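J.: Dropping in model02.txt, with compact mmCIF, C-alpha atoms.
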```
# COMPACT_ATOMS: atom_id res chain seq x y z
CA MET A 24 -5.02 3.27 -14.64
CA SER A 25 -2.03 5.29 -13.38
CA PHE A 26 -0.91 3.34 -10.32
CA GLU A 27 2.64 3.08 -11.66
CA PHE A 28 2.97 6.77 -10.79
CA TYR A 29 1.87 6.25 -7.17
CA HIS A 30 4.59 6.39 -4.50
CA VAL A 31 2.49 5.46 -1.51
CA GLU A 32 5.30 4.85 0.97
CA GLU A 33 6.83 8.27 0.26
CA ARG A 34 3.73 10.16 1.38
CA ASP A 35 4.11 12.29 4.49
CA ARG A 36 1.05 10.64 6.05
CA VAL A 37 2.77 7.24 5.88
CA LYS A 38 4.80 6.94 9.07
CA CYS A 39 6.76 3.99 7.71
CA VAL A 40 6.44 0.57 6.14
CA SER A 41 6.01 -1.88 8.98
CA ALA A 42 8.73 -4.55 9.15
CA ILE A 43 6.23 -6.88 10.83
CA GLU A 44 3.45 -6.55 8.24
CA GLY A 45 5.43 -5.34 5.20
CA VAL A 46 2.84 -2.64 4.42
CA PRO A 47 2.44 1.11 5.13
CA PHE A 48 1.40 2.37 8.54
CA SER A 49 -0.69 5.51 8.15
CA THR A 50 -1.08 8.65 10.24
CA GLN A 51 -4.03 9.83 8.15
CA TRP A 52 -6.71 11.30 10.47
CA THR A 53 -4.81 10.29 13.63
CA ALA A 54 -1.29 10.85 14.94
CA ASP A 55 -1.44 7.46 16.68
CA GLY A 56 -1.47 5.76 13.29
CA HIS A 57 -3.32 2.77 11.89
CA PHE A 58 -3.20 0.28 9.04
CA TYR A 59 -5.39 1.96 6.41
CA PRO A 60 -6.79 -0.62 3.93
CA ILE A 61 -7.12 1.85 1.04
CA GLN A 62 -3.50 2.87 1.41
CA ILE A 63 -2.36 -0.74 1.66
CA ALA A 64 -4.30 -1.75 -1.46
CA GLN A 65 -2.86 1.22 -3.35
CA PHE A 66 0.63 0.25 -2.16
CA GLY A 67 0.18 -3.21 -3.63
CA LEU A 68 -1.42 -1.98 -6.86
CA SER A 69 1.30 0.59 -7.39
CA HIS A 70 4.10 -1.97 -7.10
CA TYR A 71 2.25 -4.42 -9.33
CA SER A 72 1.83 -1.71 -11.97
CA LYS A 73 5.47 -0.67 -11.67
CA HIS A 74 6.49 -4.28 -12.20
CA LEU A 75 4.39 -4.45 -15.38
CA VAL A 76 5.99 -1.26 -16.70
CA GLU A 77 9.58 -1.81 -15.57
CA GLY A 78 9.92 -5.59 -15.62
CA ALA A 79 11.97 -7.64 -13.20
CA PRO A 80 15.10 -5.91 -11.87
CA GLU A 81 18.67 -7.12 -12.09
CA VAL A 82 19.48 -8.66 -8.73
CA LEU A 83 22.80 -8.58 -6.92
CA VAL A 84 23.04 -11.79 -4.88
CA MET A 85 25.00 -11.11 -1.72
CA GLU A 86 24.49 -14.51 -0.07
CA ASP A 87 22.27 -17.46 -0.98
CA GLY A 88 24.10 -20.45 0.50
CA GLU A 89 24.42 -22.09 -2.91
CA GLU A 90 28.12 -21.50 -3.51
CA GLU A 91 30.88 -23.84 -2.37
CA GLU A 92 31.63 -21.53 0.53
CA ALA A 93 29.83 -18.75 2.35
CA ALA A 94 30.38 -15.21 1.15
CA ASP A 95 33.03 -13.03 2.72
CA TRP A 96 31.72 -12.08 6.17
CA ALA A 97 34.04 -10.34 8.64
CA ARG A 98 33.96 -11.91 12.12
CA PRO A 99 34.02 -9.57 15.14
CA ASP A 100 35.84 -12.11 17.35
CA ASN A 101 36.84 -15.76 17.55
CA ARG A 102 33.56 -16.78 19.17
CA ALA A 103 31.53 -15.72 16.12
CA HIS A 104 31.14 -18.23 13.34
CA LEU A 105 29.28 -18.75 10.09
CA ARG A 106 28.83 -21.89 7.96
CA LEU A 107 26.64 -23.39 5.25
CA VAL A 108 24.11 -26.04 6.32
CA GLN A 109 21.28 -27.94 4.65
CA ASP A 110 17.81 -26.81 5.75
CA GLU A 111 15.42 -29.70 5.22
CA GLY A 112 12.33 -27.53 5.64
CA ARG A 113 13.39 -25.17 2.86
CA GLY A 114 14.99 -27.85 0.73
CA SER A 115 18.14 -25.79 0.24
CA ARG A 116 21.35 -24.76 1.87
CA VAL A 117 21.31 -21.73 4.14
CA VAL A 118 23.85 -19.75 6.12
CA GLU A 119 23.96 -20.56 9.82
CA PHE A 120 25.41 -17.78 11.94
CA SER A 121 26.30 -17.19 15.56
CA ALA A 122 27.58 -13.97 17.12
CA SER A 123 26.88 -11.77 20.12
CA ASP A 124 23.36 -10.37 20.05
CA SER A 125 24.46 -7.03 21.53
CA LEU A 126 24.02 -4.06 19.22
CA ARG A 127 27.31 -2.77 20.63
CA ASN A 128 28.97 -5.74 18.92
CA PRO A 129 29.69 -5.26 15.20
CA GLY A 130 28.26 -8.68 14.40
CA LEU A 131 29.14 -10.67 11.28
CA VAL A 132 29.62 -8.00 8.61
CA MET A 133 29.45 -8.12 4.82
CA MET A 134 30.72 -5.10 2.91
CA ALA A 135 28.33 -3.79 0.28
CA ASP A 136 29.42 -0.33 -0.99
CA GLU A 137 26.26 -0.13 -3.08
CA LYS A 138 24.80 3.16 -4.36
CA GLU A 139 22.32 2.04 -7.00
CA ASP A 140 20.80 -1.14 -5.58
CA PHE A 141 19.12 0.08 -2.39
CA VAL A 142 16.26 -2.41 -1.99
CA MET A 143 17.23 -5.37 0.21
CA THR A 144 15.44 -8.70 0.32
CA VAL A 145 16.38 -11.49 2.69
CA ASP A 146 15.01 -14.56 4.45
CA VAL A 147 16.20 -14.73 8.04
CA ARG A 148 15.40 -16.84 11.10
CA PHE A 149 16.60 -15.85 14.55
CA VAL A 150 16.69 -18.51 17.24
CA SER A 151 18.04 -16.02 19.77
CA ASN A 152 17.57 -12.30 20.31
CA GLY A 153 19.18 -11.40 17.00
CA SER A 154 19.17 -8.46 14.62
CA LEU A 155 20.05 -7.48 11.08
CA THR A 156 21.67 -4.09 10.47
CA VAL A 157 22.15 -2.09 7.29
CA SER A 158 24.69 0.73 7.65
CA VAL A 159 23.93 3.68 5.38
CA GLU A 160 26.22 6.57 4.52
CA THR A 161 24.90 9.97 3.42
CA PRO A 162 26.54 11.95 0.59
CA THR A 163 28.33 14.00 3.26
CA GLY A 164 29.76 10.88 4.93
CA GLN A 165 27.45 10.69 7.94
CA LEU A 166 26.59 7.15 9.02
CA PHE A 167 23.21 5.80 10.13
CA ASN A 168 22.42 2.26 11.18
CA LEU A 169 19.06 0.68 10.29
CA HIS A 170 18.47 -2.09 12.81
CA TYR A 171 15.79 -4.73 12.15
CA VAL A 172 15.21 -6.24 15.58
CA LEU A 173 13.00 -8.82 17.32
CA SER A 174 10.63 -6.37 18.98
CA ASN A 175 7.14 -4.96 18.47
CA THR A 176 8.47 -1.43 18.00
CA LEU A 177 7.11 0.05 14.78
CA ILE A 178 9.92 2.57 14.28
CA ASP A 179 12.25 4.47 16.59
CA MET A 180 15.40 6.56 16.40
CA ASP A 181 18.18 7.11 18.91
CA GLY A 182 21.18 9.13 17.78
CA SER A 183 22.36 7.59 14.51
CA ASN A 184 20.41 4.37 15.09
CA ILE A 185 17.02 3.71 13.50
CA TYR A 186 15.03 0.70 14.70
CA TYR A 187 12.33 -1.33 12.93
CA GLY A 188 10.62 -4.12 14.84
CA LEU A 189 10.28 -7.54 13.23
CA GLY A 190 7.87 -8.72 15.93
CA ALA A 191 8.86 -10.23 19.26
CA HIS A 192 6.75 -13.30 18.49
CA ARG A 193 8.74 -14.21 15.38
CA ARG A 194 11.74 -15.73 17.09
CA GLY A 195 12.30 -19.16 15.55
CA GLN A 196 10.27 -18.28 12.43
CA TRP A 197 11.54 -17.61 8.95
CA VAL A 198 10.91 -13.96 8.13
CA HIS A 199 10.96 -12.58 4.59
CA LEU A 200 12.00 -8.94 4.38
CA ALA A 201 11.81 -6.61 1.39
CA ARG A 202 13.07 -3.21 2.53
CA ASP A 203 13.57 -0.04 0.54
CA ILE A 204 16.58 1.28 2.44
CA LYS A 205 16.11 4.81 1.06
CA ILE A 206 12.56 4.92 2.40
CA ASP A 207 13.50 3.34 5.74
CA LEU A 208 16.22 5.96 6.19
CA GLN A 209 13.88 8.80 5.22
CA LYS A 210 11.15 7.69 7.62
CA GLY A 211 13.63 7.26 10.45
CA LEU A 212 15.12 10.71 9.92
CA SER A 213 11.65 12.25 9.84
CA LEU A 214 11.26 11.28 13.52
CA LYS A 215 14.09 13.63 14.46
CA TYR A 216 14.56 16.17 11.71
CA THR A 217 12.11 18.46 9.97
CA LYS A 218 12.14 18.33 6.21
CA SER A 219 13.96 21.66 5.96
CA LYS A 220 16.61 20.57 8.44
CA ARG A 221 17.09 17.28 6.60
CA ASN A 222 17.63 19.12 3.34
CA LYS A 223 19.96 21.59 4.98
CA ALA A 224 22.04 18.85 6.52
CA LYS A 225 21.88 16.78 3.31
CA LEU A 226 20.75 13.78 5.29
CA THR A 227 19.83 11.67 2.29
CA PHE A 228 20.80 8.24 1.06
CA GLY A 229 24.28 7.95 -0.38
CA ARG A 230 25.18 4.27 -0.27
CA ILE A 231 24.73 1.04 1.63
CA LYS A 232 28.06 0.62 3.40
CA ASP A 233 27.61 -2.86 4.86
CA ILE A 234 25.14 -5.42 6.21
CA ALA A 235 25.54 -7.20 9.54
CA VAL A 236 23.79 -10.00 11.47
CA ARG A 237 23.89 -10.71 15.20
CA GLY A 238 22.59 -13.45 17.47
CA GLN A 239 22.06 -17.03 16.39
CA GLY A 240 20.05 -18.13 13.39
CA GLN A 241 19.98 -18.79 9.65
CA LEU A 242 19.97 -16.54 6.63
CA ASP A 243 19.16 -17.11 2.97
CA ASN A 244 18.62 -15.21 -0.27
CA LEU A 245 20.22 -11.92 0.76
CA THR A 246 19.98 -9.68 -2.31
CA LEU A 247 20.15 -6.05 -3.35
CA ALA A 248 18.32 -4.57 -6.32
CA ARG A 249 16.74 -1.31 -7.48
CA THR A 250 13.24 -2.63 -6.87
CA ALA A 251 11.36 -5.50 -5.27
CA HIS A 252 7.92 -4.69 -6.65
CA MET A 253 6.50 -8.19 -6.56
CA ASP A 254 7.61 -8.76 -2.96
CA GLN A 255 5.76 -5.59 -1.95
CA PHE A 256 2.75 -6.55 -4.06
CA TYR A 257 2.49 -9.91 -2.26
CA ALA A 258 3.01 -8.24 1.13
CA ALA A 259 -0.11 -6.13 0.53
CA ALA A 260 -2.18 -9.04 -0.81
CA ASP A 261 -1.19 -11.26 2.10
CA TRP A 262 -2.02 -8.52 4.61
CA LEU A 263 -5.52 -8.31 3.15
CA VAL A 264 -6.01 -12.06 3.44
CA ARG A 265 -4.74 -12.14 7.04
CA HIS A 266 -6.78 -9.19 8.26
CA GLN A 267 -10.15 -9.65 6.53
CA ASP A 268 -12.89 -10.02 9.14
CA ASP A 269 -15.90 -12.35 9.12
CA ARG A 270 -18.03 -9.70 7.38
CA GLY A 271 -15.62 -9.79 4.46
CA GLY A 272 -14.27 -6.33 5.21
CA TRP A 273 -11.27 -4.43 6.43
CA PRO A 274 -12.51 -2.12 9.21
CA ILE A 275 -10.93 1.33 9.39
CA MET A 276 -10.09 1.89 13.03
CA VAL A 277 -10.12 5.68 13.24
CA ARG A 278 -12.89 8.25 13.60
CA ARG A 279 -13.69 9.98 10.32
CA LYS A 280 -15.31 13.40 10.42
CA LEU A 281 -16.49 14.58 7.02
CA ILE A 282 -18.54 17.30 8.72
CA GLU A 283 -18.40 17.42 12.49
CA GLY A 284 -21.76 16.68 14.05
CA VAL A 285 -23.37 15.92 10.69
CA MET A 286 -21.35 13.29 8.85
CA GLU A 287 -19.15 11.29 11.23
CA LEU A 288 -18.03 7.68 11.35
CA PRO A 289 -16.84 6.00 14.57
CA PRO A 290 -13.82 3.67 14.46
CA GLY A 291 -14.54 0.34 12.79
CA TRP A 292 -16.29 1.62 9.65
CA TYR A 293 -15.95 0.06 6.21
CA SER A 294 -15.30 1.76 2.89
CA ALA A 295 -16.52 0.61 -0.52
CA MET A 296 -13.36 2.09 -1.98
CA ALA A 297 -11.24 -0.08 0.32
CA GLN A 298 -13.32 -3.13 -0.60
CA GLY A 299 -13.06 -2.39 -4.33
CA GLN A 300 -9.34 -1.65 -4.43
CA ALA A 301 -8.68 -4.71 -2.26
CA MET A 302 -10.66 -6.80 -4.78
CA SER A 303 -8.56 -5.41 -7.62
CA LEU A 304 -5.35 -6.30 -5.80
CA LEU A 305 -6.51 -9.76 -4.69
CA VAL A 306 -7.73 -10.67 -8.17
CA ARG A 307 -4.31 -9.82 -9.58
CA ALA A 308 -2.60 -11.88 -6.89
CA TYR A 309 -4.85 -14.80 -7.80
CA LEU A 310 -4.19 -14.43 -11.53
CA VAL A 311 -0.42 -14.41 -10.95
CA THR A 312 -0.29 -17.29 -8.46
CA SER A 313 -3.52 -19.32 -8.94
CA ASP A 314 -3.64 -19.39 -5.12
CA PRO A 315 -7.36 -19.75 -4.23
CA ARG A 316 -6.90 -17.83 -0.95
CA TYR A 317 -6.72 -14.58 -2.87
CA LEU A 318 -9.85 -15.18 -4.93
CA THR A 319 -11.78 -16.40 -1.88
CA SER A 320 -10.89 -13.20 -0.04
CA ALA A 321 -11.96 -11.08 -3.03
CA VAL A 322 -15.29 -12.90 -3.21
CA ASN A 323 -15.89 -12.46 0.52
CA ALA A 324 -15.31 -8.73 0.11
CA MET A 325 -18.64 -8.49 -1.76
CA LYS A 326 -20.69 -9.14 1.38
CA LEU A 327 -20.70 -5.52 2.53
CA PHE A 328 -22.02 -4.28 -0.83
CA GLU A 329 -25.38 -5.80 0.01
CA ILE A 330 -25.59 -4.33 3.53
CA SER A 331 -26.93 -0.80 3.98
CA SER A 332 -24.86 1.99 5.47
CA GLU A 333 -27.27 2.13 8.42
CA GLN A 334 -26.51 -1.53 9.15
CA GLY A 335 -22.75 -1.07 8.95
CA GLY A 336 -22.30 -1.92 5.29
CA VAL A 337 -21.44 0.32 2.32
CA LEU A 338 -24.71 0.39 0.35
CA ALA A 339 -26.62 3.67 0.07
CA LYS A 340 -29.68 4.51 -2.03
CA PHE A 341 -30.17 7.73 -3.96
CA LEU A 342 -33.85 8.69 -4.06
CA ASP A 343 -34.57 5.17 -2.76
CA LYS A 344 -33.84 3.96 -6.29
CA TYR A 345 -30.17 3.97 -7.27
CA ASP A 346 -27.56 1.81 -5.53
CA TRP A 347 -24.43 3.68 -4.47
CA TYR A 348 -21.39 2.11 -2.85
CA GLU A 349 -20.12 4.57 -0.27
CA GLU A 350 -16.47 5.44 0.33
CA TYR A 351 -17.68 7.03 3.59
CA PRO A 352 -20.94 5.32 4.62
CA THR A 353 -22.36 8.16 6.68
CA THR A 354 -26.00 8.89 7.47
CA PRO A 355 -27.03 11.00 5.62
CA SER A 356 -25.07 9.71 2.65
CA SER A 357 -22.35 11.73 0.95
CA PHE A 358 -22.15 9.93 -2.46
CA VAL A 359 -18.41 10.36 -3.12
CA LEU A 360 -17.72 9.89 -6.83
CA ASN A 361 -14.12 8.66 -7.02
CA GLY A 362 -14.56 6.10 -4.23
CA PHE A 363 -17.71 4.76 -5.90
CA ILE A 364 -15.96 4.26 -9.25
CA TYR A 365 -13.00 2.51 -7.59
CA ALA A 366 -15.53 0.16 -6.00
CA LEU A 367 -17.06 -0.48 -9.44
CA LEU A 368 -13.64 -1.27 -10.90
CA GLY A 369 -13.02 -3.81 -8.15
CA LEU A 370 -16.36 -5.45 -8.87
CA TYR A 371 -15.53 -5.48 -12.57
CA ASP A 372 -12.20 -7.21 -11.92
CA LEU A 373 -13.95 -9.81 -9.79
CA LYS A 374 -16.78 -10.50 -12.24
CA GLU A 375 -14.25 -11.00 -15.02
CA THR A 376 -12.27 -13.50 -12.92
CA ALA A 377 -14.58 -15.46 -10.62
CA GLN A 378 -16.59 -18.32 -12.06
CA GLY A 379 -20.12 -19.45 -11.31
CA GLU A 380 -22.26 -17.83 -8.64
CA PRO A 381 -19.55 -15.48 -7.26
CA GLY A 382 -18.85 -14.10 -10.72
CA ALA A 383 -22.55 -13.62 -11.39
CA ALA A 384 -23.03 -11.86 -8.04
CA ALA A 385 -20.15 -9.48 -8.78
CA GLY A 386 -21.67 -8.83 -12.20
CA GLN A 387 -25.04 -7.93 -10.70
CA LEU A 388 -23.45 -5.48 -8.24
CA TYR A 389 -21.37 -3.96 -11.02
CA ARG A 390 -24.32 -3.51 -13.39
CA ALA A 391 -26.43 -1.95 -10.64
CA GLY A 392 -23.62 0.51 -9.98
CA ILE A 393 -23.20 1.36 -13.66
CA ARG A 394 -26.95 2.04 -13.88
CA SER A 395 -26.66 4.45 -10.96
CA LEU A 396 -23.61 6.16 -12.41
CA LYS A 397 -25.33 6.78 -15.73
CA ALA A 398 -28.32 8.30 -13.92
CA MET A 399 -26.31 10.43 -11.48
CA LEU A 400 -23.04 11.33 -13.22
CA LEU A 401 -24.06 14.76 -14.49
CA MET A 402 -25.01 15.83 -10.97
CA PHE A 403 -21.26 16.02 -10.32
CA ASP A 404 -20.73 18.55 -13.17
CA THR A 405 -20.50 22.16 -11.98
CA GLY A 406 -20.03 23.63 -15.44
CA SER A 407 -16.43 24.57 -14.62
CA ASP A 408 -15.11 21.59 -12.63
CA THR A 409 -16.62 18.69 -10.65
CA PHE A 410 -18.12 18.04 -7.25
CA TYR A 411 -16.28 15.62 -4.99
CA ASP A 412 -19.59 14.35 -3.59
CA LEU A 413 -23.28 15.20 -3.44
CA ARG A 414 -23.57 16.40 0.14
CA HIS A 415 -25.33 19.53 -1.12
CA LEU A 416 -28.17 17.31 -2.37
CA SER A 417 -28.32 14.74 0.42
CA SER A 418 -27.80 17.10 3.37
CA GLY A 419 -28.52 20.62 2.15
CA LEU A 420 -24.92 21.63 2.87
CA GLU A 421 -22.74 23.88 0.74
CA PRO A 422 -21.29 22.09 -2.30
CA ASN A 423 -17.95 20.28 -1.94
CA ARG A 424 -16.00 21.01 -5.12
CA ALA A 425 -13.25 18.56 -6.07
CA ARG A 426 -9.62 19.63 -5.99
CA TRP A 427 -7.94 19.47 -9.38
CA ASP A 428 -6.18 16.21 -8.48
CA TYR A 429 -9.54 14.61 -7.71
CA HIS A 430 -11.01 16.17 -10.85
CA THR A 431 -8.20 14.51 -12.80
CA THR A 432 -8.98 11.23 -11.06
CA HIS A 433 -12.63 11.55 -12.14
CA ILE A 434 -11.49 11.97 -15.75
CA ASN A 435 -9.10 9.01 -15.63
CA GLN A 436 -11.79 6.82 -14.10
CA LEU A 437 -14.31 7.73 -16.78
CA LEU A 438 -11.77 7.04 -19.51
CA GLN A 439 -11.23 3.59 -18.01
CA LEU A 440 -14.98 3.00 -17.98
CA VAL A 441 -15.14 4.09 -21.63
CA VAL A 442 -12.86 1.13 -22.41
CA ILE A 443 -14.75 -1.31 -20.18
CA GLU A 444 -18.21 -0.20 -21.29
CA GLU A 445 -17.41 -0.33 -25.00
CA ASP A 446 -17.26 3.38 -25.68
CA GLU A 447 -20.29 4.39 -23.62
CA PRO A 448 -21.17 7.83 -25.12
CA LEU A 449 -22.18 9.44 -21.80
CA PHE A 450 -18.87 8.54 -20.18
CA ARG A 451 -16.83 9.65 -23.20
CA ALA A 452 -18.62 12.98 -23.69
CA THR A 453 -18.46 13.78 -19.97
CA ALA A 454 -14.75 12.94 -19.73
CA GLN A 455 -14.02 15.17 -22.73
CA ARG A 456 -16.00 18.05 -21.26
CA TRP A 457 -14.23 17.67 -17.91
CA MET A 458 -10.86 17.68 -19.67
CA GLY A 459 -11.92 20.96 -21.24
CA TYR A 460 -12.51 22.46 -17.81
CA MET A 461 -8.83 21.89 -17.02
CA LYS A 462 -7.98 24.06 -20.04
CA GLY A 463 -10.23 26.90 -18.94
CA LYS A 464 -13.38 25.99 -20.84
CA ARG A 465 -16.68 26.68 -19.09
CA ALA A 466 -20.29 25.74 -19.68
CA ARG A 467 -22.49 28.32 -21.38
CA HIS A 468 -24.52 30.73 -19.31
CA ASN A 469 -27.77 32.57 -20.10
```
Represent the structure contained in this file as structure tokens.

T.:
Amino acid sequence: MSFEFYHVEERDRVKCVSAIEGVPFSTQWTADGHFYPIQIAQFGLSHYSKHLVEGAPEVLVMEDGEEEEAADWARPDNRAHLRLVQDEGRGSRVVEFSASDSLRNPGLVMMADEKEDFVMTVDVRFVSNGSLTVSVETPTGQLFNLHYVLSNTLIDMDGSNIYYGLGAHRRGQWVHLARDIKIDLQKGLSLKYTKSKRNKAKLTFGRIKDIAVRGQGQLDNLTLARTAHMDQFYAAADWLVRHQDDRGGWPIMVRRKLIEGVMELPPGWYSAMAQGQAMSLLVRAYLVTSDPRYLTSAVNAMKLFEISSEQGGVLAKFLDKYDWYEEYPTTPSSFVLNGFIYALLGLYDLKETAQGEPGAAAGQLYRAGIRSLKAMLLMFDTGSDTFYDLRHLSSGLEPNRARWDYHTTHINQLLQLVVIEEDEPLFRATAQRWMGYMKGKRARHN
């Protein structure tokens, strides 16, 4: 579809990209924040799509341990040292470093002076309380330090220092980082400065000045590039595999109030849209890697499609006849259109990929959903735009008209289904009529 135009991590409701998990941490619906499966799946799909469109980036290798000598690192004192050693576990040479772990100490420093390549990837293992720091200069010459430290802190800022926690439990473990330094700077500054103040002060990315390591450990594959789309794609897919529960879902741990006192969901609810977009991401990860973990996770995600909303699943029935996969499985049902179609697309991806019984099961769920969509689609047509959901039919509430961005999403989804469903005339005619609404056309009146 159009995921290459998504910039998930730039959204205001994304607090930051976690350095522990490698995926966005959302403040949607709660200031405390949570890992929102829909947002994480969209993060992965967007970077996968960008990779397809842009291709692999040119990579500036800063240090990979494969040269005759280590790169040019400045030592803060005579006690600090750095050397190349063979790592048997990795099957390659790595850089072994030792320096004071105090953030007051400069550490072992490599100059970068890089304006264009602002996405850093690195493999690092700290055997002491170490840290990795990227010093960033703004266009006006102001310096900020992005510290990636062995703590559970999500994100924090103190003066010109911005902190991202790598996880206190990861000492002694190899950690792979893929960090968009522009985004990490922006999210850190947002803790202290309002958007208007940031613009006024011109606190934006100018260049990466240098990169430093502290403590004791090893480092490998330190690179800078304009993108690291596949690293971020895998981070999202791996998060989904790690955090899928025994029901095959990714529970959303915030209260959702569509209509207070009428349509509410307590923390721990599931979303068919999350399940579907996760399937789409996991199927792609499987097709790229052939790693069965991804396909197994996608198959397990089907379980909730056969469990009713009342029983904690995502399946609703319209008129006790038509299956509908609920983005928000409230009672009474809301029948959200865009979330339902995203669920169908995930099922389509799975049925086209999985073999045997899992593929057949995905196909049955998909065909049942297509049958429902054909029967119910025109209920979403207002004659001048579209309804976001059908709460006015299921609950007797006032209609919930879709914003133009959701109306556009409805059109794009139908156009995708036109391709999948071999030019289904209902989908094509409806999409064309809905495109006309965006140009001011209206249905006839008596």

J.: One decimal, Å: what's the distance from CA of Pro274 in chain A over to CA of Ala385 in chain A, could you say?

T.: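 CA of Ala385 in chain A lies 20.9 Å from CA of Pro274 in chain A.
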
J.: Could you check the closest approach to Phe410 in chain A for each of A:Ala191, A:Asn469, A:Leu247, A:Arg424 and tell me which residue wins, using all atoms listed in the file?

T.: A:Arg424

J.: Pick out the closest residue to Lys374 in chain A from this set: A:Lys280, A:Arg36, A:Arg390, A:His468. Count only C-alpha atoms.

T.: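 Comparing A:Lys280, A:Arg36, A:Arg390, A:His468 against Lys374 in chain A, the winner is A:Arg390.
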
J.: Just to confirm, what's the straight-line distance from CA of Leu305 in chain A to CA of Ser320 in chain A in Å (one decimal)?

T.: 7.3 Å

J.: Here is a test: counting all atoms listed in the file, which residue of A:Val118, A:Ala383, A:Leu169, A:Val277 is nearest to Lys210 in chain A?

T.: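 Among the listed residues, A:Leu169 lies closest to Lys210 in chain A.
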
J.: Please measure the separation of CA of Lys344 in chain A and CA of Leu396 in chain A, giving the value in Å to one decimal.

T.: 12.1 Å

J.: For Gly271 in chain A, work out the shell of residues within 6 Å, counting only C-alpha atoms and skipping chain neighbours fewer than 4 positions away, then give it as number ranges by chain.

T.: A: 267, 323-324, 326

J.: Check the smallest atom-to-atom distance from each of A:Gly88, A:Gly419, A:Gly463, A:Pro381 to Leu318 in chain A using only C-alpha atoms, then report the winner.

T.: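 Smallest separation from Leu318 in chain A among the options: A:Pro381.
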
J.: Taking 3 positions as the minimum chain separation for residues in the same chain, which residues sit within 12 Å of Leu166 in chain A when counting only C-alpha atoms? Answer as a list of chain:residue names.

T.: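 Counting only C-alpha atoms, the residues come to A:Val157, A:Ser158, A:Val159, A:Glu160, A:Thr161, A:Pro162, A:Thr163, A:Leu169, A:Gly182, A:Ser183, A:Asn184, A:Ile185, A:Leu208, A:Leu226, A:Thr227, A:Phe228, A:Gly229, A:Arg230, A:Ile231, A:Lys232, A:Asp233.
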
J.: Output C-alpha atoms of each residue in that selection to a file, as a PDB file, keeping the file's coordinate frame.

T.:
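The result, stored in again05.pdb:
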```
ATOM      1  CA  VAL A 157      22.150  -2.090   7.290  1.00  0.00           C
ATOM      2  CA  SER A 158      24.690   0.730   7.650  1.00  0.00           C
ATOM      3  CA  VAL A 159      23.930   3.680   5.380  1.00  0.00           C
ATOM      4  CA  GLU A 160      26.220   6.570   4.520  1.00  0.00           C
ATOM      5  CA  THR A 161      24.900   9.970   3.420  1.00  0.00           C
ATOM      6  CA  PRO A 162      26.540  11.950   0.590  1.00  0.00           C
ATOM      7  CA  THR A 163      28.330  14.000   3.260  1.00  0.00           C
ATOM      8  CA  LEU A 169      19.060   0.680  10.290  1.00  0.00           C
ATOM      9  CA  GLY A 182      21.180   9.130  17.780  1.00  0.00           C
ATOM     10  CA  SER A 183      22.360   7.590  14.510  1.00  0.00           C
ATOM     11  CA  ASN A 184      20.410   4.370  15.090  1.00  0.00           C
ATOM     12  CA  ILE A 185      17.020   3.710  13.500  1.00  0.00           C
ATOM     13  CA  LEU A 208      16.220   5.960   6.190  1.00  0.00           C
ATOM     14  CA  LEU A 226      20.750  13.780   5.290  1.00  0.00           C
ATOM     15  CA  THR A 227      19.830  11.670   2.290  1.00  0.00           C
ATOM     16  CA  PHE A 228      20.800   8.240   1.060  1.00  0.00           C
ATOM     17  CA  GLY A 229      24.280   7.950  -0.380  1.00  0.00           C
ATOM     18  CA  ARG A 230      25.180   4.270  -0.270  1.00  0.00           C
ATOM     19  CA  ILE A 231      24.730   1.040   1.630  1.00  0.00           C
ATOM     20  CA  LYS A 232      28.060   0.620   3.400  1.00  0.00           C
ATOM     21  CA  ASP A 233      27.610  -2.860   4.860  1.00  0.00           C
TER      22      ASP A 233
END
```
